[in-house]
file final.pdb (PDB, C-alpha atoms)
ATOM      1  CA  MET A   1     115.107  80.887 105.681
ATOM      2  CA  SER A   2     113.930  77.309 105.714
ATOM      3  CA  ASP A   3     116.067  74.452 106.881
ATOM      4  CA  PRO A   4     119.288  74.673 104.846
ATOM      5  CA  SER A   5     119.383  70.930 104.485
ATOM      6  CA  THR A   6     116.164  71.022 102.488
ATOM      7  CA  PHE A   7     117.332  73.730 100.113
ATOM      8  CA  ARG A   8     118.126  72.381  96.677
ATOM      9  CA  GLU A   9     120.222  74.042  94.045
ATOM     10  CA  PRO A  10     118.082  74.410  90.930
ATOM     11  CA  GLN A  11     118.410  71.816  88.216
ATOM     12  CA  GLY A  12     118.275  72.921  84.603
ATOM     13  CA  ARG A  13     116.452  75.969  83.401
ATOM     14  CA  PRO A  14     114.871  78.122  86.094
ATOM     15  CA  GLU A  15     111.200  78.945  86.028
ATOM     16  CA  ARG A  16     110.329  81.990  83.933
ATOM     17  CA  VAL A  17     108.728  84.672  86.037
ATOM     18  CA  GLU A  18     107.964  88.319  85.827
ATOM     19  CA  GLY A  19     111.099  90.313  86.489
ATOM     20  CA  ARG A  20     114.530  90.133  85.003
ATOM     21  CA  ALA A  21     117.401  88.575  86.870
ATOM     22  CA  GLU A  22     114.879  86.943  89.151
ATOM     23  CA  ALA A  23     114.398  84.311  86.465
ATOM     24  CA  ARG A  24     118.062  83.320  86.802
ATOM     25  CA  SER A  25     118.067  83.246  90.588
ATOM     26  CA  ASP A  26     118.098  80.044  92.563
ATOM     27  CA  TRP A  27     116.775  81.899  95.621
ATOM     28  CA  ALA A  28     113.611  83.000  93.870
ATOM     29  CA  PRO A  29     111.317  80.039  94.683
ATOM     30  CA  GLU A  30     112.125  80.230  98.386
ATOM     31  CA  LEU A  31     111.769  84.014  98.477
ATOM     32  CA  ARG A  32     108.520  83.903  96.561
ATOM     33  CA  ALA A  33     107.122  81.348  98.985
ATOM     34  CA  ARG A  34     108.050  83.605 101.905
ATOM     35  CA  LEU A  35     106.543  86.697 100.315
ATOM     36  CA  SER A  36     103.339  84.943  99.338
ATOM     37  CA  SER A  37     101.722  85.788 102.671
ATOM     38  CA  LEU A  38     101.923  89.494 101.769
ATOM     39  CA  ARG A  39      99.644  91.325  99.374
ATOM     40  CA  LEU A  40     102.372  92.692  97.145
ATOM     41  CA  VAL A  41     101.605  93.747  93.604
ATOM     42  CA  LEU A  42     103.136  91.098  91.337
ATOM     43  CA  ALA A  43     105.606  93.471  89.690
ATOM     44  CA  ARG A  44     106.770  94.761  93.072
ATOM     45  CA  GLU A  45     107.188  91.234  94.376
ATOM     46  CA  ALA A  46     109.352  90.401  91.354
ATOM     47  CA  GLU A  47     111.510  93.469  92.051
ATOM     48  CA  ILE A  48     111.977  92.540  95.680
ATOM     49  CA  ILE A  49     112.890  88.983  94.766
ATOM     50  CA  GLU A  50     115.395  90.248  92.221
ATOM     51  CA  GLU A  51     116.994  92.638  94.699
ATOM     52  CA  LEU A  52     117.157  90.153  97.561
ATOM     53  CA  SER A  53     118.413  87.361  95.322
ATOM     54  CA  GLN A  54     121.222  89.591  94.196
ATOM     55  CA  HIS A  55     122.162  90.341  97.783
ATOM     56  CA  LEU A  56     122.180  86.635  98.659
ATOM     57  CA  ASP A  57     124.240  85.879  95.550
ATOM     58  CA  ASP A  58     126.750  88.590  96.495
ATOM     59  CA  ARG A  59     127.020  87.213 100.002
ATOM     60  CA  ARG A  60     127.574  83.689  98.698
ATOM     61  CA  GLN A  61     130.249  84.933  96.298
ATOM     62  CA  GLU A  62     131.975  86.698  99.181
ATOM     63  CA  LEU A  63     132.008  83.489 101.223
ATOM     64  CA  ILE A  64     133.282  81.485  98.269
ATOM     65  CA  ALA A  65     136.034  84.067  97.784
ATOM     66  CA  GLY A  66     136.864  83.535 101.445
ATOM     67  CA  GLY A  67     137.491  79.833 100.831
ATOM     68  CA  ALA A  68     134.099  78.172 101.310
ATOM     69  CA  SER A  69     132.760  75.695  98.796
ATOM     70  CA  ARG A  70     129.580  76.624  96.953
ATOM     71  CA  GLU A  71     127.513  74.250  99.093
ATOM     72  CA  GLN A  72     129.045  75.524 102.317
ATOM     73  CA  ALA A  73     128.520  79.105 101.234
ATOM     74  CA  THR A  74     124.897  78.433 100.326
ATOM     75  CA  ARG A  75     124.311  76.835 103.708
ATOM     76  CA  MET A  76     125.932  79.761 105.512
ATOM     77  CA  VAL A  77     123.852  82.296 103.611
ATOM     78  CA  LEU A  78     120.704  80.388 104.474
ATOM     79  CA  ASP A  79     121.733  80.246 108.128
ATOM     80  CA  GLU A  80     122.099  84.025 108.195
ATOM     81  CA  PHE A  81     118.837  84.672 106.442
ATOM     82  CA  HIS A  82     115.688  84.447 108.564
ATOM     83  CA  ALA A  83     112.969  84.517 105.953
ATOM     84  CA  ASP A  84     110.142  84.429 108.475
ATOM     85  CA  ARG A  85     111.473  87.687 109.862
ATOM     86  CA  LEU A  86     111.561  89.149 106.360
ATOM     87  CA  ALA A  87     107.826  88.611 105.874
ATOM     88  CA  ARG A  88     107.104  89.906 109.370
ATOM     89  CA  TYR A  89     109.093  93.102 108.845
ATOM     90  CA  LEU A  90     107.628  93.681 105.411
ATOM     91  CA  ALA A  91     104.031  93.104 106.506
ATOM     92  CA  PRO A  92     103.410  96.586 108.019
ATOM     93  CA  LEU A  93     104.570  98.343 104.844
ATOM     94  CA  ARG A  94     101.984  99.958 102.566
ATOM     95  CA  GLN A  95     103.269  98.074  99.527
ATOM     96  CA  SER A  96     102.488  94.784 101.280
ATOM     97  CA  ARG A  97      98.796  95.618 101.325
ATOM     98  CA  LEU A  98      98.290  96.929  97.811
ATOM     99  CA  ALA A  99      97.242  93.880  95.841
ATOM    100  CA  PRO A 100      93.592  92.874  96.197
ATOM    101  CA  ALA A 101      93.060  89.987  98.575
ATOM    102  CA  ALA A 102      92.986  86.635  96.871
ATOM    103  CA  GLU A 103      89.384  85.590  96.495
ATOM    104  CA  SER A 104      88.445  81.989  96.471
ATOM    105  CA  SER A 105      84.875  82.728  95.462
ATOM    106  CA  SER A 106      84.360  82.272  91.739
ATOM    107  CA  THR A 107      81.255  84.490  91.991
ATOM    108  CA  HIS A 108      83.401  87.349  93.235
ATOM    109  CA  ILE A 109      85.879  86.836  90.411
ATOM    110  CA  LEU A 110      83.045  86.738  87.850
ATOM    111  CA  PHE A 111      81.365  89.910  89.073
ATOM    112  CA  GLY A 112      84.681  91.611  89.764
ATOM    113  CA  GLY A 113      85.550  91.035  86.121
ATOM    114  CA  LEU A 114      82.144  92.271  85.014
ATOM    115  CA  VAL A 115      82.512  95.473  87.016
ATOM    116  CA  ALA A 116      85.993  96.011  85.595
ATOM    117  CA  ASP A 117      84.641  95.496  82.063
ATOM    118  CA  LEU A 118      81.819  97.982  82.668
ATOM    119  CA  ARG A 119      84.238 100.550  84.059
ATOM    120  CA  GLN A 120      86.451 100.116  81.013
ATOM    121  CA  ALA A 121      83.434 100.499  78.709
ATOM    122  CA  VAL A 122      82.401 103.729  80.458
ATOM    123  CA  ARG A 123      85.957 105.068  80.193
ATOM    124  CA  GLU A 124      86.060 104.322  76.483
ATOM    125  CA  LEU A 125      82.655 105.859  75.833
ATOM    126  CA  ARG A 126      83.726 108.992  77.711
ATOM    127  CA  ALA A 127      86.866 109.151  75.612
ATOM    128  CA  ALA A 128      84.827 109.145  72.376
ATOM    129  CA  PRO A 129      81.716 111.308  72.990
ATOM    130  CA  GLY A 130      80.845 111.544  69.278
ATOM    131  CA  PHE A 131      80.774 107.799  68.915
ATOM    132  CA  THR A 132      78.773 107.516  72.133
ATOM    133  CA  VAL A 133      76.083 109.915  70.854
ATOM    134  CA  VAL A 134      75.771 108.163  67.476
ATOM    135  CA  ALA A 135      75.773 104.685  69.028
ATOM    136  CA  SER A 136      73.157 105.700  71.625
ATOM    137  CA  TRP A 137      70.919 107.242  68.954
ATOM    138  CA  CYS A 138      71.156 104.101  66.772
ATOM    139  CA  TRP A 139      70.386 101.857  69.708
ATOM    140  CA  LEU A 140      67.417 103.957  70.876
ATOM    141  CA  SER A 141      65.900 104.245  67.400
ATOM    142  CA  ALA A 142      66.311 100.508  66.836
ATOM    143  CA  SER A 143      64.645  99.809  70.186
ATOM    144  CA  ALA A 144      61.761 102.159  69.356
ATOM    145  CA  ARG A 145      61.127 100.374  66.047
ATOM    146  CA  ARG A 146      61.102  96.951  67.663
ATOM    147  CA  ARG A 147      59.014  97.693  70.728
ATOM    148  CA  PRO A 148      55.480  97.307  69.272
ATOM    149  CA  SER A 149      56.226  93.900  67.827
ATOM    150  CA  SER A 150      57.775  92.458  70.972
ATOM    151  CA  PRO A 151      55.932  89.277  71.934
ATOM    152  CA  TRP A 152      56.024  90.271  75.624
ATOM    153  CA  SER A 153      54.483  93.745  75.359
ATOM    154  CA  THR A 154      51.476  93.455  73.023
ATOM    155  CA  PRO A 155      48.021  92.796  74.505
ATOM    156  CA  SER A 156      47.821  89.457  72.724
ATOM    157  CA  CYS A 157      51.077  88.315  74.102
ATOM    158  CA  SER A 158      49.874  87.744  77.648
ATOM    159  CA  ALA A 159      48.153  84.586  76.570
ATOM    160  CA  ARG A 160      51.275  83.539  74.718
ATOM    161  CA  CYS A 161      53.345  84.324  77.777
ATOM    162  CA  ARG A 162      51.255  82.100  79.929
ATOM    163  CA  SER A 163      51.343  79.272  77.472
ATOM    164  CA  THR A 164      55.073  79.767  77.049
ATOM    165  CA  SER A 165      55.581  79.555  80.750
ATOM    166  CA  THR A 166      54.123  76.126  80.904
ATOM    167  CA  ILE A 167      56.824  74.981  78.540
ATOM    168  CA  GLY A 168      59.912  76.564  79.985
ATOM    169  CA  TRP A 169      61.806  79.678  81.034
ATOM    170  CA  SER A 170      60.694  83.015  79.746
ATOM    171  CA  PRO A 171      62.727  86.099  80.668
ATOM    172  CA  SER A 172      59.883  88.492  81.413
ATOM    173  CA  VAL A 173      57.570  86.201  83.303
ATOM    174  CA  SER A 174      57.818  86.187  87.076
ATOM    175  CA  GLY A 175      57.606  83.082  89.226
ATOM    176  CA  ALA A 176      54.101  83.983  90.401
ATOM    177  CA  ARG A 177      52.901  84.430  86.855
ATOM    178  CA  ARG A 178      54.542  81.160  85.889
ATOM    179  CA  ALA A 179      52.623  79.473  88.702
ATOM    180  CA  ARG A 180      49.371  81.006  87.441
ATOM    181  CA  ALA A 181      50.252  79.997  83.926
ATOM    182  CA  THR A 182      50.586  76.371  84.865
ATOM    183  CA  ARG A 183      46.900  76.526  85.863
ATOM    184  CA  ALA A 184      45.835  78.323  82.693
ATOM    185  CA  THR A 185      45.133  75.387  80.463
ATOM    186  CA  THR A 186      42.394  76.870  78.277
ATOM    187  CA  LEU A 187      44.700  79.316  76.553
ATOM    188  CA  THR A 188      47.308  76.851  75.375
ATOM    189  CA  PRO A 189      47.666  77.437  71.657
ATOM    190  CA  SER A 190      48.240  74.774  69.061
ATOM    191  CA  PRO A 191      51.839  73.613  68.590
ATOM    192  CA  ALA A 192      52.041  75.395  65.221
ATOM    193  CA  SER A 193      51.240  78.788  66.741
ATOM    194  CA  ARG A 194      53.252  78.222  69.918
ATOM    195  CA  PRO A 195      55.765  81.038  70.342
ATOM    196  CA  PRO A 196      59.456  80.451  70.928
ATOM    197  CA  THR A 197      60.406  79.773  74.548
ATOM    198  CA  THR A 198      63.484  81.980  74.880
ATOM    199  CA  TRP A 199      64.748  85.352  73.701
ATOM    200  CA  ILE A 200      67.096  83.607  71.283
ATOM    201  CA  GLY A 201      64.193  81.665  69.882
ATOM    202  CA  TRP A 202      62.170  84.854  69.591
ATOM    203  CA  LEU A 203      65.029  86.630  67.798
ATOM    204  CA  ASN A 204      65.421  83.695  65.423
ATOM    205  CA  SER A 205      61.714  83.739  64.626
ATOM    206  CA  ARG A 206      61.884  87.517  64.050
ATOM    207  CA  CYS A 207      64.787  87.114  61.688
ATOM    208  CA  SER A 208      63.185  84.308  59.740
ATOM    209  CA  SER A 209      59.870  86.185  59.400
ATOM    210  CA  GLN A 210      61.543  89.240  57.820
TER     211      GLN A 210
ATOM    212  CA  MET B   1     124.391  92.513 132.721
ATOM    213  CA  THR B   2     123.477  89.031 131.511
ATOM    214  CA  ASP B   3     124.090  87.927 127.959
ATOM    215  CA  ILE B   4     120.364  88.062 127.206
ATOM    216  CA  ASP B   5     120.067  91.617 128.584
ATOM    217  CA  SER B   6     123.067  92.645 126.573
ATOM    218  CA  ARG B   7     121.610  91.215 123.404
ATOM    219  CA  ALA B   8     118.267  92.897 124.044
ATOM    220  CA  LEU B   9     120.025  96.228 124.581
ATOM    221  CA  ASP B  10     122.027  95.700 121.396
ATOM    222  CA  ARG B  11     118.818  95.011 119.527
ATOM    223  CA  GLU B  12     117.080  98.080 120.902
ATOM    224  CA  LEU B  13     120.053 100.321 120.234
ATOM    225  CA  LYS B  14     120.357  98.935 116.750
ATOM    226  CA  ARG B  15     116.660  99.435 116.119
ATOM    227  CA  GLY B  16     116.805 102.969 117.392
ATOM    228  CA  SER B  17     119.840 103.873 115.344
ATOM    229  CA  ALA B  18     119.125 101.872 112.178
ATOM    230  CA  GLU B  19     117.465 104.704 110.285
ATOM    231  CA  LEU B  20     120.259 107.073 111.249
ATOM    232  CA  LEU B  21     122.903 104.605 110.048
ATOM    233  CA  ILE B  22     121.272 104.090 106.680
ATOM    234  CA  LEU B  23     120.572 107.772 106.085
ATOM    235  CA  SER B  24     124.126 108.700 107.100
ATOM    236  CA  LEU B  25     125.680 106.209 104.695
ATOM    237  CA  LEU B  26     123.445 107.314 101.859
ATOM    238  CA  ASP B  27     124.085 110.972 102.558
ATOM    239  CA  ALA B  28     127.504 110.816 100.935
ATOM    240  CA  ARG B  29     126.432 108.935  97.810
ATOM    241  CA  ALA B  30     123.958 106.443  96.368
ATOM    242  CA  ARG B  31     124.564 102.837  97.392
ATOM    243  CA  HIS B  32     122.929  99.463  96.880
ATOM    244  CA  GLY B  33     121.734  97.218  99.689
ATOM    245  CA  TYR B  34     124.687  94.861  99.776
ATOM    246  CA  ASP B  35     127.102  97.777  99.851
ATOM    247  CA  LEU B  36     125.229  99.257 102.812
ATOM    248  CA  SER B  37     125.296  95.964 104.670
ATOM    249  CA  LYS B  38     129.059  95.582 104.154
ATOM    250  CA  LEU B  39     129.793  99.151 105.175
ATOM    251  CA  ILE B  40     127.787  98.927 108.379
ATOM    252  CA  HIS B  41     129.561  95.704 109.283
ATOM    253  CA  SER B  42     133.062  96.953 108.508
ATOM    254  CA  ARG B  43     132.736 100.471 109.937
ATOM    255  CA  SER B  44     131.247  99.164 113.171
ATOM    256  CA  GLY B  45     134.142  96.753 113.556
ATOM    257  CA  GLY B  46     131.770  93.796 113.186
ATOM    258  CA  GLN B  47     129.561  94.993 116.071
ATOM    259  CA  LEU B  48     126.610  95.789 113.843
ATOM    260  CA  SER B  49     125.360  93.689 110.997
ATOM    261  CA  PHE B  50     122.273  93.962 108.869
ATOM    262  CA  HIS B  51     121.169  90.918 106.945
ATOM    263  CA  VAL B  52     118.668  90.674 104.149
ATOM    264  CA  ASP B  53     115.704  90.109 106.459
ATOM    265  CA  SER B  54     116.204  93.337 108.403
ATOM    266  CA  LEU B  55     117.983  95.597 105.929
ATOM    267  CA  TYR B  56     115.537  95.555 103.019
ATOM    268  CA  PRO B  57     112.334  96.044 105.013
ATOM    269  CA  LEU B  58     114.071  99.064 106.557
ATOM    270  CA  LEU B  59     115.082 100.418 103.144
ATOM    271  CA  TYR B  60     111.555  99.941 101.816
ATOM    272  CA  ARG B  61     110.110 101.654 104.873
ATOM    273  CA  LEU B  62     112.384 104.658 104.429
ATOM    274  CA  GLU B  63     111.462 104.722 100.758
ATOM    275  CA  GLU B  64     107.748 104.679 101.562
ATOM    276  CA  ARG B  65     108.280 107.625 103.900
ATOM    277  CA  GLY B  66     109.980 109.480 101.068
ATOM    278  CA  TRP B  67     113.322 109.772 102.870
ATOM    279  CA  ILE B  68     115.265 107.732 100.327
ATOM    280  CA  LYS B  69     114.671 106.856  96.692
ATOM    281  CA  GLY B  70     115.654 103.622  94.992
ATOM    282  CA  THR B  71     116.526 103.457  91.307
ATOM    283  CA  TRP B  72     117.544 100.507  89.165
ATOM    284  CA  VAL B  73     120.930 101.103  87.555
ATOM    285  CA  GLU B  74     122.221  98.961  84.714
ATOM    286  CA  LYS B  75     125.901  98.615  83.929
ATOM    287  CA  SER B  76     127.159  96.712  80.917
ATOM    288  CA  GLY B  77     128.029  93.110  81.688
ATOM    289  CA  GLU B  78     126.471  93.264  85.136
ATOM    290  CA  ARG B  79     123.097  92.554  86.625
ATOM    291  CA  ARG B  80     121.129  95.684  87.296
ATOM    292  CA  ARG B  81     121.202  96.924  90.874
ATOM    293  CA  ARG B  82     118.911  99.094  92.901
ATOM    294  CA  TYR B  83     120.753 102.125  94.233
ATOM    295  CA  TYR B  84     119.341 104.233  97.020
ATOM    296  CA  ARG B  85     119.940 107.917  97.605
ATOM    297  CA  VAL B  86     118.680 110.358 100.212
ATOM    298  CA  THR B  87     115.916 112.745  99.225
ATOM    299  CA  VAL B  88     115.631 116.363 100.331
ATOM    300  CA  GLU B  89     113.149 115.311 103.003
ATOM    301  CA  GLY B  90     115.549 112.529 104.039
ATOM    302  CA  ARG B  91     118.367 115.063 104.550
ATOM    303  CA  ARG B  92     116.118 117.124 106.775
ATOM    304  CA  VAL B  93     115.265 114.028 108.833
ATOM    305  CA  LEU B  94     118.933 113.014 108.974
ATOM    306  CA  ALA B  95     119.953 116.398 110.358
ATOM    307  CA  ARG B  96     117.265 116.124 113.032
ATOM    308  CA  GLN B  97     118.186 112.526 113.924
ATOM    309  CA  ARG B  98     121.894 113.395 114.171
ATOM    310  CA  LYS B  99     121.082 116.115 116.665
ATOM    311  CA  THR B 100     118.814 113.839 118.684
ATOM    312  CA  TRP B 101     121.371 111.041 118.682
ATOM    313  CA  ALA B 102     124.188 113.354 119.761
ATOM    314  CA  ALA B 103     122.032 114.663 122.599
ATOM    315  CA  PHE B 104     121.141 111.107 123.637
ATOM    316  CA  VAL B 105     124.764 109.915 123.612
ATOM    317  CA  GLU B 106     125.811 112.958 125.580
ATOM    318  CA  ALA B 107     123.071 112.354 128.141
ATOM    319  CA  VAL B 108     124.054 108.698 128.522
ATOM    320  CA  ARG B 109     127.705 109.673 128.839
ATOM    321  CA  ARG B 110     126.858 112.132 131.600
ATOM    322  CA  VAL B 111     124.868 109.552 133.518
ATOM    323  CA  THR B 112     127.226 106.637 133.110
ATOM    324  CA  GLY B 113     130.386 108.685 133.669
ATOM    325  CA  GLY B 114     128.874 110.812 136.454
ATOM    326  CA  GLU B 115     130.631 109.085 139.333
ATOM    327  CA  HIS B 116     134.076 109.714 137.849
ATOM    328  CA  VAL B 117     133.605 113.418 137.107
TER     329      VAL B 117
END

call {"tool": "encode", "arguments": {"input": "final.pdb", "output": "structure tokens"}}
result
Amino acid sequence: MSDPSTFREPQGRPERVEGRAEARSDWAPELRARLSSLRLVLAREAEIIEELSQHLDDRRQELIAGGASREQATRMVLDEFHADRLARYLAPLRQSRLAPAAESSSTHILFGGLVADLRQAVRELRAAPGFTVVASWCWLSASARRRPSSPWSTPSCSARCRSTSTIGWSPSVSGARRARATRATTLTPSPASRPPTTWIGWLNSRCSSQ
Amino acid sequence: MTDIDSRALDRELKRGSAELLILSLLDARARHGYDLSKLIHSRSGGQLSFHVDSLYPLLYRLEERGWIKGTWVEKSGERRRRYYRVTVEGRRVLARQRKTWAAFVEAVRRVTGGEHV
């Protein structure tokens, strides 16, 4: 383990962590630091820390029973325990490679979460086929009713699209079309008839017109 | 043999026999890690000792292979402990390793004691 002289007995209440007796152990922070290089599932790591802490506690108790003071016993236990070896010996095990690698990229975390959410949604829809059929039918019929009045699909909307693009972002207009639209000055409608610039604006205008 | 050679041989012998030692001790009954460590130390007359850093990775490796199985056992007024016992597959492996070890020891005995026979 690390230099025994740097090891400090815990002061006050120990940190609450997953696991049981681990929370009471004064070896836990050191063990956790040593195991952090491995890709252990959190629950498994907590179990290992609990088990190893208990062993170290037992060993210290044995030394104390043999006449050592608590500090001496702690130092002796730390001398016997080579934590760097522990991580090295554990590394080839399957359980040390189970947890997904820590990702620093926030993009990965975002899309990883999105994929997990989609998987969960698919699982739940599979579990309730009746609900899935009814929900799909409702969604399709609602889409079919709305389609003709969409500002992006009617013949008259192309002019509106172009004028919209000169103002700001529009979800269905490509960059090339936006570039063309910036040149199309003759079709710019009056401010009163100018359509909303975003889907939210369009939805709001739809709601208010009904 | 120098002290370094002797230590290297000790280490190799210990490594080679570690699985056999653990399986043999667990063959009789389920034990927890600390118990195993104490037994190995006392029964070997202090010649062999397994500390936390070598004992538990070995136990977890044997468990991953399906040779032993660990179970948390709670007793009133005590912290729960993880007890290990040998599985059916582990017994089969133990029987094989005992045979291999006996053959190895016998072979070494024949070689090293050959001049005196």

call {"tool": "closest_residue", "arguments": {"input": "final.pdb", "among": "A:Ser53, A:Thr132, A:Ser141, A:Thr74", "to": "chain B", "atoms": "all atoms listed in the file"}}
result
A:Ser53

call {"tool": "atom_distance", "arguments": {"input": "final.pdb", "atom1": "CA of Trp27 in chain A", "atom2": "CA of Arg88 in chain A"}}
result
18.6 Å

call {"tool": "closest_atom_pairs", "arguments": {"input": "final.pdb", "of": "chain A", "to": "chain B", "cutoff": "10 Å", "atoms": "all atoms listed in the file", "output": "Markdown table"}}
result
| residue | atom | partner | partner_atom | distance |
| --- | --- | --- | --- | --- |
| A:Met1 | CA | B:Asp53 | CA | 9.3 |
| A:Arg20 | CA | B:Arg80 | CA | 8.9 |
| A:Ala21 | CA | B:Arg79 | CA | 7.0 |
| A:Glu47 | CA | B:Arg82 | CA | 9.3 |
| A:Ile48 | CA | B:Tyr56 | CA | 8.7 |
| A:Glu50 | CA | B:Arg81 | CA | 9.0 |
| A:Glu51 | CA | B:Arg82 | CA | 7.0 |
| A:Leu52 | CA | B:Val52 | CA | 6.8 |
| A:Ser53 | CA | B:Val52 | CA | 9.4 |
| A:Gln54 | CA | B:Arg81 | CA | 8.1 |
| A:His55 | CA | B:Tyr34 | CA | 5.5 |
| A:Leu56 | CA | B:Val52 | CA | 7.7 |
| A:Asp57 | CA | B:Tyr34 | CA | 9.9 |
| A:Asp58 | CA | B:Tyr34 | CA | 7.4 |
| A:Arg59 | CA | B:Tyr34 | CA | 8.0 |
| A:Val77 | CA | B:His51 | CA | 9.6 |
| A:Glu80 | CA | B:His51 | CA | 7.1 |
| A:Phe81 | CA | B:Asp53 | CA | 6.3 |
| A:His82 | CA | B:Asp53 | CA | 6.0 |
| A:Ala83 | CA | B:Asp53 | CA | 6.2 |
| A:Asp84 | CA | B:Asp53 | CA | 8.2 |
| A:Arg85 | CA | B:Asp53 | CA | 5.9 |
| A:Leu86 | CA | B:Asp53 | CA | 4.3 |
| A:Ala87 | CA | B:Asp53 | CA | 8.0 |
| A:Arg88 | CA | B:Asp53 | CA | 9.1 |
| A:Tyr89 | CA | B:Pro57 | CA | 5.8 |
| A:Leu90 | CA | B:Pro57 | CA | 5.3 |
| A:Ala91 | CA | B:Pro57 | CA | 8.9 |
| A:Pro92 | CA | B:Arg61 | CA | 9.0 |
| A:Leu93 | CA | B:Arg61 | CA | 6.5 |
| A:Arg94 | CA | B:Glu64 | CA | 7.5 |
| A:Gln95 | CA | B:Glu64 | CA | 8.2 |

call {"tool": "closest_residue", "arguments": {"input": "final.pdb", "among": "B:Arg31, B:Arg65, B:His41, B:Arg110", "to": "Glu19 in chain B", "atoms": "only C-alpha atoms"}}
result
B:Arg65

call {"tool": "closest_residue", "arguments": {"input": "final.pdb", "among": "B:Val93, B:Ala107, B:Leu36, B:Leu13", "to": "Leu59 in chain B", "atoms": "all atoms listed in the file"}}
result
B:Leu36

call {"tool": "atom_distance", "arguments": {"input": "final.pdb", "atom1": "CA of Thr100 in chain B", "atom2": "CA of Ile22 in chain B"}}
result
15.7 Å

call {"tool": "resolve_selection", "arguments": {"input": "final.pdb", "expression": "the PyMOL selection byres ((chain B and resi 68) around 10)", "output": "count of residues only"}}
result
25

call {"tool": "atom_distance", "arguments": {"input": "final.pdb", "atom1": "CA of Trp101 in chain B", "atom2": "CA of Ser44 in chain B"}}
result
16.4 Å

call {"tool": "residues_around", "arguments": {"input": "final.pdb", "residues": "range 36-39 of chain A", "least_positions_apart": "2", "cutoff": "6 Å", "atoms": "only C-alpha atoms", "output": "PyMOL selection string"}}
result
chain A and resi 32-34+96-99

call {"tool": "axis_aligned_box", "arguments": {"input": "final.pdb", "around": "range 45-51 of chain A", "padding_each_side": "8 Å", "output": "JSON"}}
result
{"center_x": 112.1, "center_y": 91.2, "center_z": 93.5, "size_x": 25.8, "size_y": 20.5, "size_z": 20.3}
